[in-house]
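Here is the structure we will look at, set down as structure tokens.
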Amino acid sequence: QVQLVESGGGLVQPGGSLRLSCLVPGSIFSQYSMSWYRQSTGKRREWVAVVYRPGNANYQDFAKGRFTISRDNAKNTVYLQLTSLKPEDTAVYYCKPGISGWDSWGNGTLVTVSS
């Protein structure tokens with residue numbers, strides 16, 4: 001089974017920043033776009049951002065101007081830089097390759113924004 005390993009979450013105050021990382025098997029990373037999703041308690045998992053193989057990206061409206069997605073093709077790693085964090089950004093964050101029907105979610109990394 002393919003393993004995605006998310007890391008970098010933690011407790012941060014409102015207005016703070018974090019950088020999330022996701023290590024992806026090279027056979028997948030080199031071929032597909034990569035997205036970040038998040039899931040808050042009691043809510044459905046929602047898409048946050050996507051980065052394509054050339055490096056261009058798209059964002060959900062709530063992420064525009066605050067979050068930055070990027071990928072390091074040499075390290076098979078996708079990042080999500082979170083800034084100006086708000087309490088409503090509290091969630092478990094997951095990465096996912098752009099594969100239709102993908103179901104091998106990692107454990108995610110928990111981001112808690114609280115004073």
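Residues are named by chain letter and number: chains run A, B, ... in the order of the structure tokens, numbers start at 1 in each chain, and ligands are numbered from 1 in the order shown.
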
Backbone-only DSSP, strand (DSSP E) members of segment 74-113 of chain A, as a list in words:
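So, restricting segment 74-113 of chain A to strand (DSSP E), we get Thr77, Val78, Tyr79, Leu80, Gln81, Leu82, Ala91, Val92, Tyr93, Tyr94, Cys95, Lys96, Pro97, Thr109, Leu110, Val111, Thr112 and Val113 of chain A.
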
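Of the residues listed (A:Gly16, A:Gly98, A:Gly65, A:Gly9), A:Gly98 shows the shortest atom-to-atom separation from Trp47 of chain A; distances use only C-alpha atoms.
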
Residues of segment 13-111 of chain A classed as helix (DSSP H, G or I) by DSSP on the backbone are to be reported as a PyMOL selection string.
chain A and resi 26-29+61-63+87-89

Excluding Ile28 of chain A and any residue of its chain fewer than 6 positions from it, enumerate the residues within 10 Å of it, using only C-alpha atoms, and give them as an MDAnalysis selection string.
chainID A and resid 2 34 76 97:99

Preceding selection exported with C-alpha atoms as an mmCIF file, in the first residue's frame:
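Output file result06.cif follows:
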data_model
loop_
_atom_site.group_PDB
_atom_site.id
_atom_site.type_symbol
_atom_site.label_atom_id
_atom_site.label_comp_id
_atom_site.auth_asym_id
_atom_site.auth_seq_id
_atom_site.Cartn_x
_atom_site.Cartn_y
_atom_site.Cartn_z
ATOM 1 C CA VAL A 2 1.262 3.445 -0.916
ATOM 2 C CA MET A 34 -0.348 17.146 -5.686
ATOM 3 C CA ASN A 76 9.488 14.049 -3.656
ATOM 4 C CA PRO A 97 -1.896 13.000 -5.630
ATOM 5 C CA GLY A 98 -4.046 13.902 -8.597
ATOM 6 C CA ILE A 99 -5.175 10.338 -9.195
#

Would you work out the distance separating atom CA of Tyr32 of chain A from atom CA of Val51 of chain A, expressed in Å to one decimal?
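These two atoms are separated by 9.3 Å.
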
Kindly provide the residues of segment 48-86 of chain A that approach segment 17-25 of chain A to within 6 Å, each paired with its closest atom pair and their distance in Å to one decimal, based on only C-alpha atoms, listed by chain and increasing number, as a Markdown table.
| residue | atom | partner | partner_atom | distance |
| --- | --- | --- | --- | --- |
| A:Asn76 | CA | A:Val24 | CA | 5.5 |
| A:Thr77 | CA | A:Leu23 | CA | 4.6 |
| A:Val78 | CA | A:Cys22 | CA | 5.2 |
| A:Tyr79 | CA | A:Ser21 | CA | 4.5 |
| A:Leu80 | CA | A:Leu20 | CA | 5.0 |
| A:Gln81 | CA | A:Arg19 | CA | 4.4 |
| A:Leu82 | CA | A:Leu18 | CA | 5.1 |
| A:Thr83 | CA | A:Ser17 | CA | 4.3 |

Could you pull the residues within 10 Å of Arg38 of chain A, counting only C-alpha atoms, minus those fewer than 2 positions along the same chain, as JSON, numbers by chain?
{"A": [36, 40, 43, 44, 45, 46, 47, 48, 49, 89, 90, 91, 92, 93, 94, 95, 108, 109, 110, 111]}

Pick the closest to Leu11 of chain A from A:Lys96, A:Trp102, A:Pro87, A:Tyr59: which is it, counting only C-alpha atoms?
A:Pro87

Report, in Å to a single decimal, how far apart atom CA of Gly101 of chain A and atom CA of Ser33 of chain A are.
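Rounded to one decimal, the two atoms are 14.1 Å apart.
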
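Closest to Pro14 of chain A among A:Arg53, A:Ser84, A:Ala63, A:Ile69 is A:Ser84, based on only C-alpha atoms.
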